[in-house]
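Trainee: I am sharing work.pdb, which consists of PDB, C-alpha atoms and all ligand atoms:
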ATOM      1  CA  MET A1261       0.000   0.000   0.000
ATOM      2  CA  ILE A1262       1.522   3.282  -1.087
ATOM      3  CA  GLU A1263       0.487   6.166   1.112
ATOM      4  CA  SER A1264      -0.656   9.506  -0.194
ATOM      5  CA  ALA A1265       2.271  11.867  -0.828
ATOM      6  CA  LEU A1266       4.259  13.583  -3.537
ATOM      7  CA  TYR A1267       6.936  11.108  -4.685
ATOM      8  CA  ILE A1268      10.112  12.281  -6.425
ATOM      9  CA  VAL A1269      10.736   9.457  -8.891
ATOM     10  CA  PRO A1270      14.049   9.027 -10.759
ATOM     11  CA  THR A1271      13.885   7.517 -14.237
ATOM     12  CA  PRO A1272      16.633   5.945 -16.425
ATOM     13  CA  ILE A1273      19.407   8.120 -17.906
ATOM     14  CA  GLY A1274      19.749   5.809 -20.908
ATOM     15  CA  ASN A1275      19.300   2.131 -20.184
ATOM     16  CA  LEU A1276      15.576   1.599 -19.617
ATOM     17  CA  ASP A1277      16.231  -1.273 -17.211
ATOM     18  CA  ASP A1278      17.640   1.237 -14.726
ATOM     19  CA  ILE A1279      14.398   1.889 -12.902
ATOM     20  CA  THR A1280      13.750   0.594  -9.409
ATOM     21  CA  ILE A1281      10.882  -1.700  -8.443
ATOM     22  CA  ARG A1282       9.758   0.975  -6.005
ATOM     23  CA  ALA A1283       9.725   3.632  -8.745
ATOM     24  CA  ILE A1284       7.515   1.401 -10.917
ATOM     25  CA  ASP A1285       5.186   0.688  -7.962
ATOM     26  CA  VAL A1286       4.807   4.401  -7.242
ATOM     27  CA  LEU A1287       4.143   5.228 -10.905
ATOM     28  CA  LYS A1288       1.520   2.473 -11.015
ATOM     29  CA  ALA A1289      -0.145   3.746  -7.837
ATOM     30  CA  ALA A1290      -0.087   7.401  -8.868
ATOM     31  CA  THR A1291      -3.262   9.047 -10.082
ATOM     32  CA  LEU A1292      -1.365  12.125 -11.219
ATOM     33  CA  ILE A1293       2.113  12.246 -12.757
ATOM     34  CA  ALA A1294       3.809  15.618 -13.143
ATOM     35  CA  ALA A1295       6.424  15.352 -15.897
ATOM     36  CA  GLU A1296       8.949  17.786 -17.372
ATOM     37  CA  ASP A1297       7.756  16.822 -20.864
ATOM     38  CA  THR A1298       4.601  14.740 -20.947
ATOM     39  CA  ARG A1299       5.176  13.395 -24.493
ATOM     40  CA  HIS A1300       8.668  12.233 -23.563
ATOM     41  CA  SER A1301       7.493  10.554 -20.348
ATOM     42  CA  LYS A1302       4.555   8.896 -22.097
ATOM     43  CA  ILE A1303       7.108   6.803 -24.055
ATOM     44  CA  LEU A1304       8.652   5.522 -20.805
ATOM     45  CA  LEU A1305       5.261   4.872 -19.209
ATOM     46  CA  ASP A1306       4.143   2.936 -22.306
ATOM     47  CA  LYS A1307       7.309   0.809 -22.118
ATOM     48  CA  LEU A1308       6.541   0.076 -18.463
ATOM     49  CA  GLY A1309       2.961  -0.841 -19.378
ATOM     50  CA  ILE A1310       1.574   1.999 -17.263
ATOM     51  CA  SER A1311      -1.476   3.702 -18.741
ATOM     52  CA  GLY A1312      -4.551   5.690 -17.771
ATOM     53  CA  LYS A1313      -2.683   8.245 -15.664
ATOM     54  CA  LYS A1314      -3.418  11.937 -15.589
ATOM     55  CA  LEU A1315      -0.212  13.528 -16.912
ATOM     56  CA  ILE A1316       0.546  17.213 -16.409
ATOM     57  CA  SER A1317       3.620  19.121 -17.517
ATOM     58  CA  CYS A1318       5.834  20.604 -14.853
ATOM     59  CA  HIS A1319       8.707  22.750 -16.050
ATOM     60  CA  ASP A1320      10.631  25.866 -15.073
ATOM     61  CA  HIS A1321       7.851  28.213 -16.237
ATOM     62  CA  ASN A1322       4.810  26.673 -14.545
ATOM     63  CA  GLU A1323       6.096  25.077 -11.341
ATOM     64  CA  GLU A1324       4.203  27.330  -8.947
ATOM     65  CA  GLN A1325       0.902  26.773 -10.687
ATOM     66  CA  ARG A1326       1.557  23.008 -10.879
ATOM     67  CA  ALA A1327       2.456  22.959  -7.189
ATOM     68  CA  SER A1328      -1.053  24.105  -6.238
ATOM     69  CA  ILE A1329      -2.612  21.282  -8.294
ATOM     70  CA  ILE A1330      -0.257  18.746  -6.669
ATOM     71  CA  ILE A1331      -0.944  20.093  -3.168
ATOM     72  CA  GLU A1332      -4.682  19.770  -3.758
ATOM     73  CA  GLU A1333      -4.387  16.215  -5.108
ATOM     74  CA  VAL A1334      -2.224  14.962  -2.232
ATOM     75  CA  SER A1335      -4.435  16.749   0.303
ATOM     76  CA  ASN A1336      -7.354  14.773  -1.164
ATOM     77  CA  GLY A1337      -5.499  11.506  -0.503
ATOM     78  CA  ALA A1338      -3.862  10.904  -3.897
ATOM     79  CA  VAL A1339      -0.454   9.493  -4.767
ATOM     80  CA  VAL A1340       1.359  11.973  -7.029
ATOM     81  CA  ALA A1341       4.667  11.337  -8.825
ATOM     82  CA  LEU A1342       7.107  13.937 -10.095
ATOM     83  CA  ILE A1343       9.431  12.812 -12.893
ATOM     84  CA  SER A1344      11.823  14.562 -15.260
ATOM     85  CA  ASP A1345      12.927  13.618 -18.773
ATOM     86  CA  ALA A1346      15.758  11.477 -17.391
ATOM     87  CA  GLY A1347      17.505  10.850 -14.103
ATOM     88  CA  SER A1348      16.691  12.433 -10.780
ATOM     89  CA  PRO A1349      14.178  15.273 -10.751
ATOM     90  CA  LEU A1350      15.477  18.539  -9.231
ATOM     91  CA  ILE A1351      19.123  17.775 -10.133
ATOM     92  CA  ASN A1352      19.493  20.382 -12.858
ATOM     93  CA  ASP A1353      15.863  19.676 -13.598
ATOM     94  CA  PRO A1354      12.549  21.182 -12.484
ATOM     95  CA  GLY A1355      10.980  20.380  -9.128
ATOM     96  CA  TYR A1356      12.686  22.549  -6.535
ATOM     97  CA  ARG A1357       9.807  25.035  -6.300
ATOM     98  CA  VAL A1358       7.221  22.249  -6.202
ATOM     99  CA  VAL A1359       8.995  20.576  -3.279
ATOM    100  CA  THR A1360       9.409  23.903  -1.457
ATOM    101  CA  LEU A1361       5.745  24.809  -1.848
ATOM    102  CA  CYS A1362       4.580  21.302  -0.893
ATOM    103  CA  SER A1363       6.678  21.300   2.251
ATOM    104  CA  LYS A1364       5.388  24.771   3.148
ATOM    105  CA  ALA A1365       1.852  23.410   2.737
ATOM    106  CA  ASN A1366       2.719  20.412   4.962
ATOM    107  CA  VAL A1367       2.306  18.012   2.056
ATOM    108  CA  LYS A1368       4.451  14.926   2.526
ATOM    109  CA  VAL A1369       7.340  14.662   0.038
ATOM    110  CA  VAL A1370       8.972  11.244  -0.452
ATOM    111  CA  PRO A1371      12.224  11.120  -2.463
ATOM    112  CA  LEU A1372      13.116   7.841  -4.187
ATOM    113  CA  PRO A1373      16.798   7.076  -4.798
ATOM    114  CA  GLY A1374      17.747   6.154  -8.343
ATOM    115  CA  PRO A1375      19.588   7.066 -11.539
ATOM    116  CA  CYS A1376      21.447  10.369 -11.558
ATOM    117  CA  ALA A1377      24.083  11.322 -14.145
ATOM    118  CA  LEU A1378      26.138  13.240 -11.576
ATOM    119  CA  ILE A1379      26.525  10.297  -9.186
ATOM    120  CA  THR A1380      26.961   7.702 -11.948
ATOM    121  CA  ALA A1381      29.787   9.795 -13.426
ATOM    122  CA  LEU A1382      31.536  10.305 -10.108
ATOM    123  CA  GLU A1383      31.517   6.573  -9.420
ATOM    124  CA  ALA A1384      33.428   5.792 -12.626
ATOM    125  CA  SER A1385      35.555   8.950 -12.775
ATOM    126  CA  ALA A1386      38.456   7.389 -10.873
ATOM    127  CA  LEU A1387      38.741  10.749  -9.099
ATOM    128  CA  PRO A1388      38.313  11.283  -5.334
ATOM    129  CA  THR A1389      34.659  11.073  -4.302
ATOM    130  CA  ASP A1390      34.997  11.927  -0.602
ATOM    131  CA  LYS A1391      34.541  15.632  -1.322
ATOM    132  CA  PHE A1392      32.936  16.978  -4.478
ATOM    133  CA  MET A1393      31.065  19.991  -5.794
ATOM    134  CA  PHE A1394      28.301  19.831  -8.382
ATOM    135  CA  ASN A1395      28.021  22.928 -10.532
ATOM    136  CA  GLY A1396      25.266  22.165 -13.066
ATOM    137  CA  PHE A1397      26.150  23.066 -16.659
ATOM    138  CA  PHE A1398      29.391  24.898 -17.501
ATOM    139  CA  PRO A1399      28.823  28.594 -18.255
ATOM    140  CA  VAL A1400      28.413  29.208 -21.983
ATOM    141  CA  LYS A1401      30.025  32.665 -22.138
ATOM    142  CA  GLU A1402      33.776  32.319 -22.588
ATOM    143  CA  LYS A1403      34.859  34.784 -19.903
ATOM    144  CA  GLU A1404      32.524  33.237 -17.345
ATOM    145  CA  LEU A1405      33.759  29.757 -18.272
ATOM    146  CA  LEU A1406      37.426  30.762 -17.914
ATOM    147  CA  ASP A1407      36.725  32.470 -14.560
ATOM    148  CA  THR A1408      34.793  29.449 -13.293
ATOM    149  CA  LEU A1409      37.682  27.150 -14.204
ATOM    150  CA  ALA A1410      40.324  29.499 -12.781
ATOM    151  CA  ALA A1411      38.503  29.402  -9.443
ATOM    152  CA  LEU A1412      39.093  25.620  -9.382
ATOM    153  CA  THR A1413      42.894  25.865  -9.680
ATOM    154  CA  ASN A1414      43.651  25.140  -6.045
ATOM    155  CA  VAL A1415      40.470  23.576  -4.684
ATOM    156  CA  ASP A1416      40.717  20.309  -2.758
ATOM    157  CA  TYR A1417      37.584  18.662  -4.167
ATOM    158  CA  THR A1418      36.410  17.023  -7.380
ATOM    159  CA  ALA A1419      34.266  19.437  -9.405
ATOM    160  CA  VAL A1420      31.490  17.998 -11.562
ATOM    161  CA  PHE A1421      29.680  19.708 -14.449
ATOM    162  CA  TYR A1422      27.128  18.721 -17.082
ATOM    163  CA  GLU A1423      27.946  19.495 -20.715
ATOM    164  CA  THR A1424      26.300  19.210 -24.123
ATOM    165  CA  PRO A1425      27.882  17.646 -27.248
ATOM    166  CA  ARG A1426      27.710  21.058 -28.944
ATOM    167  CA  ARG A1427      29.929  22.664 -26.278
ATOM    168  CA  ILE A1428      32.264  19.845 -25.231
ATOM    169  CA  GLN A1429      35.121  20.770 -27.613
ATOM    170  CA  ALA A1430      35.104  24.451 -26.561
ATOM    171  CA  THR A1431      34.964  23.423 -22.918
ATOM    172  CA  ALA A1432      37.881  21.028 -23.434
ATOM    173  CA  GLU A1433      39.918  23.887 -24.976
ATOM    174  CA  ALA A1434      39.159  26.085 -21.950
ATOM    175  CA  LEU A1435      40.062  23.283 -19.533
ATOM    176  CA  ALA A1436      43.381  22.735 -21.320
ATOM    177  CA  LYS A1437      44.140  26.449 -21.144
ATOM    178  CA  VAL A1438      43.243  27.089 -17.503
ATOM    179  CA  LEU A1439      43.807  23.751 -15.734
ATOM    180  CA  PRO A1440      46.333  21.931 -17.970
ATOM    181  CA  GLU A1441      47.753  19.599 -15.306
ATOM    182  CA  HIS A1442      44.438  18.617 -13.720
ATOM    183  CA  ASP A1443      43.176  15.058 -14.162
ATOM    184  CA  ILE A1444      39.735  15.077 -15.736
ATOM    185  CA  THR A1445      37.212  12.422 -16.726
ATOM    186  CA  LEU A1446      34.792  12.944 -19.600
ATOM    187  CA  CYS A1447      31.850  10.614 -18.976
ATOM    188  CA  ARG A1448      29.961  10.124 -22.231
ATOM    189  CA  GLU A1449      26.635   8.402 -22.917
ATOM    190  CA  MET A1450      26.530   6.596 -19.590
ATOM    191  CA  THR A1451      24.410   3.437 -19.458
ATOM    192  CA  LYS A1452      23.946   3.607 -23.259
ATOM    193  CA  THR A1453      25.519   1.655 -26.144
ATOM    194  CA  PHE A1454      28.446   4.049 -26.588
ATOM    195  CA  GLU A1455      29.169   4.592 -22.904
ATOM    196  CA  SER A1456      32.770   5.848 -22.563
ATOM    197  CA  PHE A1457      34.951   7.240 -19.814
ATOM    198  CA  TYR A1458      37.902   9.299 -21.033
ATOM    199  CA  ARG A1459      40.351   9.769 -18.160
ATOM    200  CA  LEU A1460      43.135  12.156 -19.134
ATOM    201  CA  LYS A1461      45.050  15.338 -18.301
ATOM    202  CA  ALA A1462      43.060  18.451 -19.212
ATOM    203  CA  LYS A1463      45.840  19.629 -21.530
ATOM    204  CA  ASP A1464      45.381  16.496 -23.693
ATOM    205  CA  ALA A1465      41.588  16.722 -23.964
ATOM    206  CA  PRO A1466      41.213  19.004 -27.051
ATOM    207  CA  ASP A1467      43.416  16.860 -29.314
ATOM    208  CA  PHE A1468      41.960  13.640 -27.946
ATOM    209  CA  LEU A1469      38.423  14.763 -28.831
ATOM    210  CA  LYS A1470      39.465  16.094 -32.244
ATOM    211  CA  ALA A1471      41.084  12.777 -33.169
ATOM    212  CA  ASP A1472      37.705  11.045 -33.540
ATOM    213  CA  ALA A1473      34.405  12.855 -34.228
ATOM    214  CA  ASP A1474      32.476  10.137 -32.369
ATOM    215  CA  ARG A1475      34.161  11.170 -29.117
ATOM    216  CA  THR A1476      32.165  14.430 -28.978
ATOM    217  CA  LYS A1477      28.792  12.795 -29.611
ATOM    218  CA  GLY A1478      26.132  12.324 -26.956
ATOM    219  CA  GLU A1479      25.620  13.518 -23.404
ATOM    220  CA  PHE A1480      28.505  14.386 -21.107
ATOM    221  CA  VAL A1481      29.391  14.764 -17.479
ATOM    222  CA  VAL A1482      32.822  16.277 -16.841
ATOM    223  CA  ALA A1483      34.625  15.586 -13.569
ATOM    224  CA  ILE A1484      37.707  17.650 -12.683
ATOM    225  CA  GLY A1485      40.053  16.287 -10.026
ATOM    226  CA  ALA A1486      41.871  18.457  -7.521
ATOM    227  CA  LEU A1487      45.477  19.072  -8.400
ATOM    228  CA  LYS A1488      47.492  16.301  -6.734
ATOM    229  CA  ASP A1489      49.455  17.471  -3.729
ATOM    230  CA  GLU A1490      52.862  17.664  -5.344
ATOM    231  CA  GLY A1491      54.133  20.451  -3.087
ATOM    232  CA  ASN A1492      55.772  23.333  -4.925
ATOM    233  CA  ASN A1493      55.036  21.934  -8.385
ATOM    234  CA  ALA A1494      51.303  22.235  -7.808
ATOM    235  CA  ILE A1495      51.400  25.974  -7.157
ATOM    236  CA  ASP A1496      49.754  28.109  -9.815
ATOM    237  CA  PRO A1497      52.398  29.980 -11.901
ATOM    238  CA  LYS A1498      50.679  33.320 -11.148
ATOM    239  CA  ILE A1499      50.989  32.708  -7.395
ATOM    240  CA  LYS A1500      54.637  31.662  -7.918
ATOM    241  CA  LYS A1501      55.298  34.927  -9.740
ATOM    242  CA  ALA A1502      53.626  36.994  -6.985
ATOM    243  CA  LEU A1503      55.714  35.174  -4.375
ATOM    244  CA  GLU A1504      58.895  35.752  -6.361
ATOM    245  CA  GLU A1505      58.252  39.511  -6.588
ATOM    246  CA  LEU A1506      57.032  40.034  -3.026
ATOM    247  CA  ILE A1507      59.988  38.306  -1.327
ATOM    248  CA  LYS A1508      62.335  40.751  -3.043
ATOM    249  CA  THR A1509      61.081  43.492  -0.696
ATOM    250  CA  SER A1510      59.299  41.771   2.239
ATOM    251  CA  PRO A1511      60.163  39.017   4.730
ATOM    252  CA  VAL A1512      59.507  35.455   3.470
ATOM    253  CA  LYS A1513      57.365  34.510   6.448
ATOM    254  CA  ALA A1514      55.071  37.533   6.191
ATOM    255  CA  VAL A1515      54.655  37.043   2.429
ATOM    256  CA  THR A1516      53.831  33.313   2.699
ATOM    257  CA  ASN A1517      51.317  33.990   5.493
ATOM    258  CA  VAL A1518      49.443  36.564   3.430
ATOM    259  CA  LEU A1519      49.539  34.535   0.202
ATOM    260  CA  ALA A1520      48.395  31.369   1.961
ATOM    261  CA  GLU A1521      45.450  33.286   3.397
ATOM    262  CA  LEU A1522      44.537  34.811   0.017
ATOM    263  CA  THR A1523      45.002  31.765  -2.230
ATOM    264  CA  GLY A1524      44.254  28.731  -0.060
ATOM    265  CA  VAL A1525      47.662  27.190  -0.942
ATOM    266  CA  LYS A1526      49.332  25.439   2.019
ATOM    267  CA  LYS A1527      51.594  27.788   4.016
ATOM    268  CA  ASN A1528      54.323  25.147   4.129
ATOM    269  CA  ASP A1529      54.384  24.678   0.347
ATOM    270  CA  LEU A1530      54.577  28.447  -0.194
ATOM    271  CA  TYR A1531      57.316  28.771   2.425
ATOM    272  CA  ASN A1532      59.458  26.020   0.844
ATOM    273  CA  LEU A1533      59.021  27.544  -2.590
ATOM    274  CA  ALA A1534      59.876  31.012  -1.239
ATOM    275  CA  LEU A1535      63.131  29.657   0.228
ATOM    276  CA  GLU A1536      64.034  28.062  -3.113
ATOM    277  CA  LEU A1537      63.285  31.297  -4.967
ATOM    278  CA  LYS A1538      65.199  33.358  -2.410
ATOM    279  CA  GLN A1539      68.278  31.194  -2.930
ATOM    280  CA  GLN A1540      68.044  31.736  -6.692
ATOM    281  CA  GLN A1541      67.741  35.511  -6.135
ATOM    282  CA  ASP A1542      70.746  35.747  -3.781
TER
HETATM  283  N1  LIG A1601      18.360  15.237 -13.624
HETATM  284  C1  LIG A1601      19.281  14.564 -14.526
HETATM  285  C2  LIG A1601      20.112  13.570 -13.705
HETATM  286  O1  LIG A1601      19.977  13.525 -12.523
HETATM  287  O2  LIG A1601      20.851  12.787 -14.267
HETATM  288  C3  LIG A1601      20.117  15.547 -15.289
HETATM  289  C4  LIG A1601      19.339  16.480 -16.154
HETATM  290  S1  LIG A1601      20.291  17.623 -17.040
HETATM  291  C5  LIG A1601      19.055  18.653 -17.721
HETATM  292  C6  LIG A1601      20.806  16.713 -18.452
HETATM  293  C7  LIG A1601      22.327  16.587 -18.522
HETATM  294  O3  LIG A1601      22.763  15.514 -17.679
HETATM  295  C8  LIG A1601      22.855  16.225 -19.895
HETATM  296  O4  LIG A1601      22.992  17.361 -20.733
HETATM  297  C9  LIG A1601      24.194  15.623 -19.561
HETATM  298  O5  LIG A1601      25.145  16.622 -19.268
HETATM  299  C10 LIG A1601      23.860  14.864 -18.267
HETATM  300  N2  LIG A1601      23.452  13.478 -18.592
HETATM  301  C11 LIG A1601      22.222  12.961 -18.513
HETATM  302  N3  LIG A1601      22.227  11.670 -18.902
HETATM  303  C12 LIG A1601      23.495  11.375 -19.231
HETATM  304  C13 LIG A1601      24.155  10.206 -19.698
HETATM  305  N4  LIG A1601      23.476   9.081 -19.932
HETATM  306  N5  LIG A1601      25.491  10.252 -19.911
HETATM  307  C14 LIG A1601      26.179  11.381 -19.706
HETATM  308  N6  LIG A1601      25.615  12.517 -19.249
HETATM  309  C15 LIG A1601      24.300  12.523 -19.019
END
Could you take the file, read its structure, and then write that structure out as structure tokens?

Mentor:
Amino acid sequence: MIESALYIVPTPIGNLDDITIRAIDVLKAATLIAAEDTRHSKILLDKLGISGKKLISCHDHNEEQRASIIIEEVSNGAVVALISDAGSPLINDPGYRVVTLCSKANVKVVPLPGPCALITALEASALPTDKFMFNGFFPVKEKELLDTLAALTNVDYTAVFYETPRRIQATAEALAKVLPEHDITLCREMTKTFESFYRLKAKDAPDFLKADADRTKGEFVVAIGALKDEGNNAIDPKIKKALEELIKTSPVKAVTNVLAELTGVKKNDLYNLALELKQQQD
């Protein structure tokens, strides 16, 4: 017996077998299914043999209005499901406002675990998963993209982005320019026939993609590893340059303290590098 609530139901990100028994049970029990694109979801429901459901669209432009319909349905004792075109609703997909409004109205919200491109990519990225940041899609404007990447130079977590086939080459060029020594994983077409994981240094990504047109086809998740702790070698050249100039006129300790504070680079690494540079200057 499935109790009345709004259920957040993940759907496959490629392979149609990737749907949980619980997700199917909820979809079968639902009287109302709110979908990002009703025509798209109808195909999945047909494949699952689920018919006769009231389907309403729920996308970025009508969430508030849809929330009131959902609140009314659940308040009347119905089971309502929220699905997106693929993967987990709300993760770079509509649903956040619906959940907020439902919780404000004391309507029970039940999230179901299931397929999600972000998590699937992280698992196969071969990059650290203990600390990561999800950033949605990469910015499209070049300056914003370069700034976003530059901000990742010295972070200590894996950064994950979604990307489209149309933009992947340009993004690879930007990655090679700003974060050349970072390990990255391009996760392409996960769970589908041409599933591929390209694990390489960012500086090698543009040529690797250019070498075979098929490598830029399909959907992508890009995971960017933190620069490995290689002491002085891992320090951004711009920070190195600033250190080099500042120690000409100020005490090494004071300079490393300030730079460590400003850049997030370990004080010890900066100090060791400063001593090396000082020796070269003397
Ligand atoms: N909510 C979805 C999820 O949790 O997986 C993500 C929706 S977002 C609008 C769609 C983006 O997710 C795609 O452009 C792509 O970057 C990524 N994506 C979805 N399915 C994918 C797959 N099978 N392989 C690689 N990336 C995928």

Trainee: Near A:Met1261, within 10 Å and counting all atoms listed in the file, which residues show up once chain neighbours fewer than 5 positions away are dropped, as a PyMOL selection string?

Mentor: chain A and resi 1285-1286+1289

Trainee: Write the residues of the preceding selection, restricted to C-alpha atoms, as an mmCIF file, in the frame of the given file.

Mentor:
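Now in again.cif:
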data_model
loop_
_atom_site.group_PDB
_atom_site.id
_atom_site.type_symbol
_atom_site.label_atom_id
_atom_site.label_comp_id
_atom_site.auth_asym_id
_atom_site.auth_seq_id
_atom_site.Cartn_x
_atom_site.Cartn_y
_atom_site.Cartn_z
ATOM 1 C CA ASP A 1285 5.186 0.688 -7.962
ATOM 2 C CA VAL A 1286 4.807 4.401 -7.242
ATOM 3 C CA ALA A 1289 -0.145 3.746 -7.837
#

Trainee: A:Ile1428, A:Pro1375, A:Asp1297, A:Ala1411: which is nearest A:Phe1398, counting all atoms listed in the file?

Mentor: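 Of the candidates, the smallest distance to A:Phe1398 is held by A:Ile1428.
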
Trainee: May I have the residues within 12 Å of A:Gln1540 as a list in words, using only C-alpha atoms and disregarding those fewer than 3 positions away in the same chain?

Mentor: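 Counting only the stated atoms, we get Glu1504, Ile1507, Lys1508, Leu1533, Ala1534, Leu1535, Glu1536 and Leu1537 of chain A.
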
Trainee: Identify, on the basis of all atoms listed in the file, every residue whose closest approach to A:Ala1294 does not exceed 6 Å; exclude the query and any residue fewer than 6 positions from it along the same chain; express the result as a list of chain:residue names.

Mentor: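 The neighbour list is A:Leu1315, A:Ile1316, A:Ser1317, A:Cys1318, A:Leu1342.
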
Trainee: Ligand LIG 1601 (chain A): which residues are within 10 Å, counting all atoms listed in the file, as JSON, numbers by chain?

Mentor: {"A": [1270, 1271, 1272, 1273, 1274, 1275, 1343, 1344, 1345, 1346, 1347, 1348, 1349, 1350, 1351, 1352, 1353, 1354, 1374, 1375, 1376, 1377, 1378, 1379, 1380, 1381, 1396, 1397, 1398, 1421, 1422, 1423, 1424, 1425, 1428, 1446, 1447, 1448, 1449, 1450, 1451, 1452, 1453, 1454, 1455, 1456, 1457, 1478, 1479, 1480, 1481, 1482]}
